[in-house]
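Undergrad: Just one file: start34.tsv, with TSV, C-alpha atoms and all ligand atoms.
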chain	number	residue	atom	x	y	z
A	1	MET	CA	34.89	-45.73	11.98
A	2	ASN	CA	36.61	-45.83	8.62
A	3	LEU	CA	38.09	-42.74	7.09
A	4	ARG	CA	35.53	-42.45	4.30
A	5	LEU	CA	32.59	-42.54	6.68
A	6	LEU	CA	34.31	-39.96	8.87
A	7	ARG	CA	34.71	-37.65	5.87
A	8	VAL	CA	31.03	-38.04	4.93
A	9	CYS	CA	29.97	-37.27	8.52
A	10	LEU	CA	32.22	-34.23	8.63
A	11	LEU	CA	30.86	-32.94	5.34
A	12	PHE	CA	27.27	-33.44	6.53
A	13	PHE	CA	28.06	-31.59	9.77
A	14	LEU	CA	29.59	-28.67	7.84
A	15	ILE	CA	26.65	-28.38	5.43
A	16	CYS	CA	24.15	-28.35	8.31
A	17	ASN	CA	26.10	-25.70	10.14
A	18	ILE	CA	26.45	-23.48	7.09
A	19	ASN	CA	22.69	-23.58	6.58
A	20	PHE	CA	21.94	-22.80	10.19
A	21	SER	CA	24.50	-20.05	10.49
A	22	GLN	CA	23.36	-18.34	7.29
A	23	ILE	CA	20.17	-17.32	8.98
A	24	ASN	CA	18.65	-18.19	12.27
A	25	MET	CA	15.21	-19.51	11.42
A	26	ASP	CA	13.91	-20.04	14.95
A	27	LEU	CA	10.25	-19.02	14.79
A	28	ASP	CA	10.37	-17.41	18.24
A	29	ILE	CA	13.12	-15.14	16.94
A	30	ILE	CA	11.20	-14.29	13.78
A	31	ARG	CA	8.15	-13.44	15.91
A	32	GLY	CA	10.16	-11.14	18.20
A	33	ILE	CA	9.73	-13.32	21.27
A	34	LYS	CA	13.35	-14.43	21.49
A	35	LYS	CA	16.05	-11.88	20.73
A	36	PRO	CA	18.24	-12.60	17.69
A	37	ASP	CA	21.98	-11.78	17.61
A	38	LEU	CA	21.99	-8.04	17.19
A	39	VAL	CA	24.58	-5.33	16.71
A	40	GLY	CA	24.33	-1.83	18.21
A	41	ASP	CA	23.55	-0.13	21.53
A	42	THR	CA	20.22	1.66	21.35
A	43	ILE	CA	19.53	1.04	17.65
A	44	LEU	CA	19.80	-2.73	17.19
A	45	LEU	CA	20.29	-4.47	13.84
A	46	GLU	CA	20.88	-7.97	12.50
A	47	SER	CA	24.64	-8.18	11.87
A	48	ARG	CA	24.66	-8.37	8.04
A	49	THR	CA	22.06	-5.61	7.85
A	50	HIS	CA	24.26	-3.51	10.12
A	51	LYS	CA	27.29	-4.00	7.88
A	52	ALA	CA	25.35	-3.09	4.74
A	53	PHE	CA	23.83	-0.05	6.42
A	54	GLU	CA	27.26	1.22	7.52
A	55	LYS	CA	28.46	1.01	3.91
A	56	MET	CA	25.37	2.86	2.66
A	57	ALA	CA	25.66	5.54	5.36
A	58	ASN	CA	29.33	6.18	4.46
A	59	GLU	CA	28.40	6.59	0.81
A	60	ALA	CA	25.53	8.96	1.68
A	61	LYS	CA	27.86	11.03	3.84
A	62	LYS	CA	30.00	11.79	0.77
A	63	ASP	CA	26.91	13.37	-0.79
A	64	GLY	CA	26.09	15.36	2.35
A	65	PHE	CA	23.32	13.16	3.77
A	66	LYS	CA	23.32	11.78	7.28
A	67	LEU	CA	21.37	8.53	7.24
A	68	LYS	CA	19.82	8.30	10.68
A	69	ILE	CA	17.89	5.24	11.85
A	70	VAL	CA	15.01	6.20	14.13
A	71	SER	CA	13.65	2.66	14.54
A	72	ALA	CA	15.25	-0.73	13.93
A	73	TYR	CA	14.79	-3.93	15.98
A	74	ARG	CA	11.69	-4.03	18.15
A	75	GLY	CA	10.61	-7.07	20.20
A	76	TYR	CA	7.20	-8.69	20.62
A	77	ASP	CA	6.43	-7.00	23.95
A	78	ARG	CA	7.08	-3.51	22.60
A	79	GLN	CA	4.88	-4.23	19.57
A	80	LYS	CA	2.15	-5.55	21.89
A	81	GLN	CA	2.34	-2.33	23.90
A	82	ILE	CA	2.01	-0.26	20.70
A	83	TRP	CA	-0.95	-2.40	19.57
A	84	ASN	CA	-2.81	-2.32	22.87
A	85	ASN	CA	-2.25	1.45	23.33
A	86	LYS	CA	-3.63	2.18	19.88
A	87	TYR	CA	-6.57	-0.19	20.40
A	88	ASN	CA	-7.47	1.52	23.66
A	89	LYS	CA	-7.07	4.98	22.15
A	90	PHE	CA	-9.25	4.19	19.13
A	91	THR	CA	-11.97	2.32	21.03
A	92	LYS	CA	-12.10	4.55	24.12
A	93	THR	CA	-11.00	8.08	23.22
A	94	HIS	CA	-12.27	7.98	19.62
A	95	SER	CA	-15.21	5.63	20.39
A	96	LEU	CA	-14.58	3.46	17.33
A	97	GLU	CA	-16.17	0.02	17.07
A	98	PRO	CA	-13.50	-2.71	17.67
A	99	VAL	CA	-13.40	-3.81	14.02
A	100	LYS	CA	-12.99	-0.18	12.87
A	101	ALA	CA	-10.29	0.37	15.49
A	102	ILE	CA	-8.36	-2.65	14.20
A	103	GLU	CA	-8.68	-1.39	10.61
A	104	GLU	CA	-7.28	1.95	11.75
A	105	ILE	CA	-4.34	0.35	13.62
A	106	ILE	CA	-3.29	-1.80	10.68
A	107	ARG	CA	-2.86	1.20	8.41
A	108	TYR	CA	0.59	1.64	10.00
A	109	SER	CA	1.07	-0.87	12.84
A	110	THR	CA	1.35	-4.64	12.78
A	111	ILE	CA	-0.15	-7.35	14.90
A	112	PRO	CA	2.59	-8.32	17.41
A	113	GLY	CA	4.60	-11.28	16.14
A	114	THR	CA	4.22	-10.16	12.51
A	115	SER	CA	6.28	-6.95	12.54
A	116	ARG	CA	9.22	-6.81	10.16
A	117	HIS	CA	10.92	-4.77	12.88
A	118	HIS	CA	11.21	-8.05	14.89
A	119	TRP	CA	13.76	-9.26	12.34
A	120	GLY	CA	16.46	-6.59	12.76
A	121	THR	CA	16.51	-6.22	8.96
A	122	ASP	CA	14.04	-3.35	8.66
A	123	ILE	CA	14.77	0.27	9.48
A	124	ASP	CA	13.05	3.65	9.51
A	125	ILE	CA	15.41	6.26	8.10
A	126	ILE	CA	15.47	10.06	8.25
A	127	ASP	CA	18.14	12.69	7.54
A	128	GLY	CA	20.11	13.36	10.73
A	129	ASN	CA	20.98	16.82	9.39
A	130	PHE	CA	17.58	17.86	10.75
A	131	PRO	CA	17.82	16.64	14.37
A	132	ASP	CA	15.10	18.92	15.68
A	133	GLU	CA	12.40	17.68	13.32
A	134	LYS	CA	9.50	16.49	15.47
A	135	ASP	CA	7.09	13.78	14.21
A	136	ALA	CA	9.56	12.95	11.45
A	137	LEU	CA	7.70	9.95	10.02
A	138	ILE	CA	5.11	11.79	7.95
A	139	SER	CA	4.93	11.04	4.20
A	140	SER	CA	4.71	14.69	3.08
A	141	LYS	CA	8.10	15.41	4.69
A	142	PHE	CA	9.69	13.01	2.17
A	143	GLU	CA	7.99	14.65	-0.81
A	144	GLU	CA	8.99	17.74	-2.79
A	145	GLY	CA	9.22	20.70	-0.42
A	146	GLY	CA	9.64	18.46	2.64
A	147	VAL	CA	12.81	18.36	4.81
A	148	PHE	CA	13.56	14.75	3.88
A	149	TYR	CA	12.97	15.10	0.13
A	150	GLY	CA	16.74	15.21	-0.55
A	151	ILE	CA	17.54	12.05	1.37
A	152	LYS	CA	14.55	10.26	-0.17
A	153	GLN	CA	15.88	11.06	-3.64
A	154	TRP	CA	19.33	9.84	-2.66
A	155	LEU	CA	17.87	6.58	-1.31
A	156	ASP	CA	15.69	6.09	-4.41
A	157	LEU	CA	18.85	6.24	-6.48
A	158	ASN	CA	21.27	4.34	-4.25
A	159	SER	CA	19.70	2.10	-1.58
A	160	LYS	CA	19.29	-0.94	-3.89
A	161	LYS	CA	23.05	-1.05	-4.49
A	162	PHE	CA	23.41	-1.87	-0.78
A	163	GLY	CA	20.49	-4.34	-0.65
A	164	PHE	CA	17.92	-1.97	0.88
A	165	TYR	CA	14.42	-1.67	-0.59
A	166	LEU	CA	11.39	0.39	0.41
A	167	THR	CA	8.94	-2.12	1.89
A	168	TYR	CA	5.65	-0.23	1.67
A	169	ASN	CA	6.09	1.68	-1.58
A	170	ASN	CA	3.70	4.14	-3.21
A	171	ASN	CA	2.34	1.82	-5.89
A	172	PRO	CA	-1.35	2.85	-5.94
A	173	LYS	CA	-2.37	-0.78	-6.54
A	174	ARG	CA	-0.62	-2.00	-3.40
A	175	MET	CA	-2.93	-2.95	-0.53
A	176	GLY	CA	-2.14	-3.34	3.18
A	177	PHE	CA	-0.04	-0.82	5.06
A	178	ASP	CA	-0.04	2.80	3.94
A	179	TYR	CA	2.92	4.23	2.03
A	180	GLU	CA	5.98	4.53	4.30
A	181	PRO	CA	8.75	6.44	2.50
A	182	TRP	CA	11.04	5.94	5.52
A	183	HIS	CA	10.85	2.14	5.97
A	184	TYR	CA	13.62	0.13	4.26
A	185	SER	CA	14.39	-3.56	4.41
A	186	TYR	CA	17.64	-5.45	3.84
A	187	ALA	CA	16.47	-7.85	1.12
A	188	PRO	CA	19.15	-10.61	1.28
A	189	ILE	CA	18.05	-11.56	4.80
A	190	SER	CA	14.47	-10.32	5.11
A	191	LYS	CA	13.29	-12.28	2.02
A	192	LYS	CA	14.32	-15.53	3.72
A	193	ILE	CA	12.67	-14.58	6.99
A	194	LEU	CA	9.41	-13.65	5.24
A	195	ASN	CA	9.29	-17.05	3.54
A	196	LYS	CA	9.85	-18.82	6.83
A	197	LEU	CA	7.12	-16.76	8.53
A	198	ILE	CA	4.62	-17.58	5.80
A	199	GLU	CA	5.44	-21.30	5.95
A	200	SER	CA	4.84	-21.32	9.70
A	201	GLY	CA	1.04	-21.49	9.70
A	202	LEU	CA	0.73	-17.81	10.51
A	203	LYS	CA	-3.06	-17.73	10.69
A	204	GLN	CA	-3.24	-20.20	13.58
A	205	ILE	CA	-0.48	-18.35	15.40
A	206	ILE	CA	-2.16	-14.94	15.13
A	207	GLN	CA	-5.50	-16.34	16.26
A	208	LYS	CA	-3.93	-17.33	19.58
A	209	GLU	CA	-2.34	-13.94	20.33
A	210	ASN	CA	-3.22	-12.52	23.70
A	211	ILE	CA	-3.79	-8.92	22.61
A	212	ASN	CA	-6.66	-6.45	22.69
A	213	GLY	CA	-9.28	-7.11	20.02
A	214	ALA	CA	-7.94	-10.58	19.11
A	215	GLU	CA	-11.47	-12.00	19.46
A	216	TYR	CA	-12.35	-10.08	16.27
A	217	PHE	CA	-9.63	-11.79	14.21
A	218	ASN	CA	-11.90	-14.08	12.20
A	219	ASP	CA	-10.80	-16.18	9.25
A	220	GLU	CA	-11.74	-13.56	6.65
A	221	PHE	CA	-9.84	-10.82	8.48
A	222	LEU	CA	-6.72	-12.98	8.88
A	223	THR	CA	-6.65	-14.05	5.24
A	224	LYS	CA	-6.90	-10.40	4.21
A	225	TYR	CA	-4.25	-9.31	6.74
A	226	ILE	CA	-1.76	-11.93	5.52
A	227	ASN	CA	-2.41	-11.34	1.81
A	228	GLN	CA	-2.38	-7.56	2.02
A	229	ASN	CA	-0.40	-6.40	5.05
A	230	ILE	CA	2.24	-9.13	5.12
A	231	LEU	CA	2.50	-10.09	1.45
A	232	ASP	CA	1.49	-7.05	-0.58
A	233	ILE	CA	4.85	-5.33	-0.32
A	234	ASN	CA	7.52	-4.20	-2.75
A	235	PRO	CA	7.95	-7.27	-5.07
A	236	ASP	CA	11.74	-6.93	-4.73
A	237	LEU	CA	11.35	-8.12	-1.14
A	238	LYS	CA	9.62	-11.39	-1.97
B	1	ZN	ZN	9.15	0.87	10.08
Take the structure in the file and write it out as structure tokens.
Ligand SMILES: [Zn+2]
TA:
Amino acid sequence: MNLRLLRVCLLFFLICNINFSQINMDLDIIRGIKKPDLVGDTILLESRTHKAFEKMANEAKKDGFKLKIVSAYRGYDRQKQIWNNKYNKFTKTHSLEPVKAIEEIIRYSTIPGTSRHHWGTDIDIIDGNFPDEKDALISSKFEEGGVFYGIKQWLDLNSKKFGFYLTYNNNPKRMGFDYEPWHYSYAPISKKILNKLIESGLKQIIQKENINGAEYFNDEFLTKYINQNILDINPDLK
């Protein structure tokens, strides 16, 4: 092999590797089935998200806030458990019709395989200065008079500097998931993952999920779910 050809091959190899190492686009990873490379012990995060979060937490500490992650990476099986439990609760205990039960679930919870928590880039944050706060993830607690109002104000002002954006903001025109003042996403990575997920033929994938109520996922429902729950998010994350 001549030297020039060798150089071209080497360059090609390097470019390919840079692209692959920038973000792992394996669909099974994006859907939570295969575990990505994660950092942490109980709270697991994608490595660049982890680094950015550490920086943000250090900065918050200087202002007296203790950024505490209550939920980060979550795999497909855990999401399936959450889904099936809620489906059973709504259809059995609350006697809702299946379609109504599904509507109720997707106010806050995703269909397994479509959760942003599968990516390791999305986190639910509270103020660790209030460790005894039970049922912390309630919107009113992040509003004026609530225990997490201070940290919410700090995050409104500072999180973007570190790449974190509120995913399900309080824009009254936004459809899909309800307002979640605690759920932040690390934009530099999660934007790329969202694009890959959308390109993957999501509708066909969801239709085949083996979860409770999946027989009610008709075409109309799936189009609405993708357009509203997956895509109608903070525009800074698209
Ligand atoms: Zn969340």
Undergrad: For A:Phe162, which residue among A:Ala101, A:Ile193, A:Leu96, A:Ala57 is the nearest when counting all atoms listed in the file?
TA: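 Between A:Ala101, A:Ile193, A:Leu96, A:Ala57, the residue approaching A:Phe162 most closely is A:Ala57.
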Undergrad: Which protein, DNA or RNA residues have an atom within 9 Å of ligand ZN 1 (chain B), counting all atoms listed in the file, as a PyMOL selection string?
TA: chain A and resi 70-72+108-109+115-117+122-125+167+180+182-185
Undergrad: Which neighbours of A:Leu38 fall inside 10 Å, counting all atoms listed in the file, when residues of the same chain fewer than 4 positions from it are skipped, and could you give them as an MDAnalysis selection string?
TA: chainID A and resid 43:50 73 119:120
Undergrad: Output the selection as a short mmCIF file (atom, residue, chain, number, x, y, z; two decimals), in the coordinates of the input - C-alpha atoms for each residue.
TA:
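selection-v3.cif, written as the output of this step:
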data_model
loop_
_atom_site.label_atom_id
_atom_site.label_comp_id
_atom_site.auth_asym_id
_atom_site.auth_seq_id
_atom_site.Cartn_x
_atom_site.Cartn_y
_atom_site.Cartn_z
CA ILE A 43 19.53 1.04 17.65
CA LEU A 44 19.80 -2.73 17.19
CA LEU A 45 20.29 -4.47 13.84
CA GLU A 46 20.88 -7.97 12.50
CA SER A 47 24.64 -8.18 11.87
CA ARG A 48 24.66 -8.37 8.04
CA THR A 49 22.06 -5.61 7.85
CA HIS A 50 24.26 -3.51 10.12
CA TYR A 73 14.79 -3.93 15.98
CA TRP A 119 13.76 -9.26 12.34
CA GLY A 120 16.46 -6.59 12.76
#
Undergrad: Counting all atoms listed in the file, what is within 8 Å of stretch 146-160 of chain A, bar same-chain residues fewer than 5 positions away, as a ChimeraX atom specification?
TA: /A:56,60,65,67,126-127,130,140-141,165,181-182
Undergrad: Go through A:Asn234, A:Thr110, A:Ser95, A:Asn85 and flag the residue nearest A:Pro172, using all atoms listed in the file for the distances.
TA: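 Closest candidate: A:Asn234.
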Undergrad: Show me a table, sorted first by chain and then by increasing residue number, of the residues of stretch 12-89 of chain A having an atom at most 9 Å from stretch 206-219 of chain A, each with its shortest atom pair and the distance in Å to one decimal, counting all atoms listed in the file and written as a tab-separated table.
TA:
residue	atom	partner	partner_atom	distance
A:Lys80	CA	A:Ile211	CA	6.9
A:Trp83	CA	A:Asn212	CA	7.7
A:Asn84	CA	A:Asn212	CA	5.6
A:Tyr87	CA	A:Asn212	CA	6.7
A:Asn88	CA	A:Asn212	CA	8.1
Undergrad: Given only C-alpha atoms as the basis, pick out the residue of A:Ile69, A:Glu103, A:Ile82, A:Thr93 nearest to A:Leu137.
TA: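 Between A:Ile69, A:Glu103, A:Ile82, A:Thr93, the residue approaching A:Leu137 most closely is A:Ile69.
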Undergrad: In terms of the shortest atom-to-atom distance over all atoms listed in the file, which of A:Leu197, A:Leu166, A:Ala136, A:Leu202 is closest to A:Ile29?
TA: A:Leu197
Undergrad: Nearest to A:Leu222 among A:Ile138, A:Leu194, A:Ile106, A:Leu237, with distances taken over all atoms listed in the file: which residue is it?
TA: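 That would be A:Ile106, the residue with the smallest distance to A:Leu222.
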Undergrad: Quick one: of A:Lys238, A:Lys62, A:Glu97, A:Lys35, who's nearest to A:Tyr186, counting all atoms listed in the file?
TA: A:Lys238
Undergrad: Which neighbours of A:Arg174 fall inside 10 Å, counting only C-alpha atoms, when residues of the same chain fewer than 3 positions from it are skipped, and could you give them as a PyMOL selection string?
TA: chain A and resi 168-171+177-179+228-229+231-234
Undergrad: Please indicate the distance in Å from atom CA of A:Lys192 to atom CA of A:Thr223, rounded to one decimal place.
TA: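 Atom CA of A:Thr223 lies 21.1 Å from atom CA of A:Lys192.
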Undergrad: For a test of reading the model, state the distance in Å between atom CA of A:Arg31 and atom CA of A:Tyr225, rounded to one decimal.
TA: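 Atom CA of A:Tyr225 lies 16.0 Å from atom CA of A:Arg31.
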Undergrad: In Å, how far is it from atom CA of A:Ile230 to atom CA of A:Gly176?
TA: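 So the two atoms, atom CA of A:Ile230 and atom CA of A:Gly176, lie 7.5 Å apart.
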Undergrad: Produce the centre coordinates and the three edge lengths, each in Å to one decimal, of the box along x, y and z that contains all listed atoms of stretch 125-128 of chain A with 5 Å added on each side, as lines of an AutoDock Vina configuration file.
TA:
center_x = 17.8
center_y = 9.8
center_z = 9.1
size_x = 14.7
size_y = 17.1
size_z = 13.2
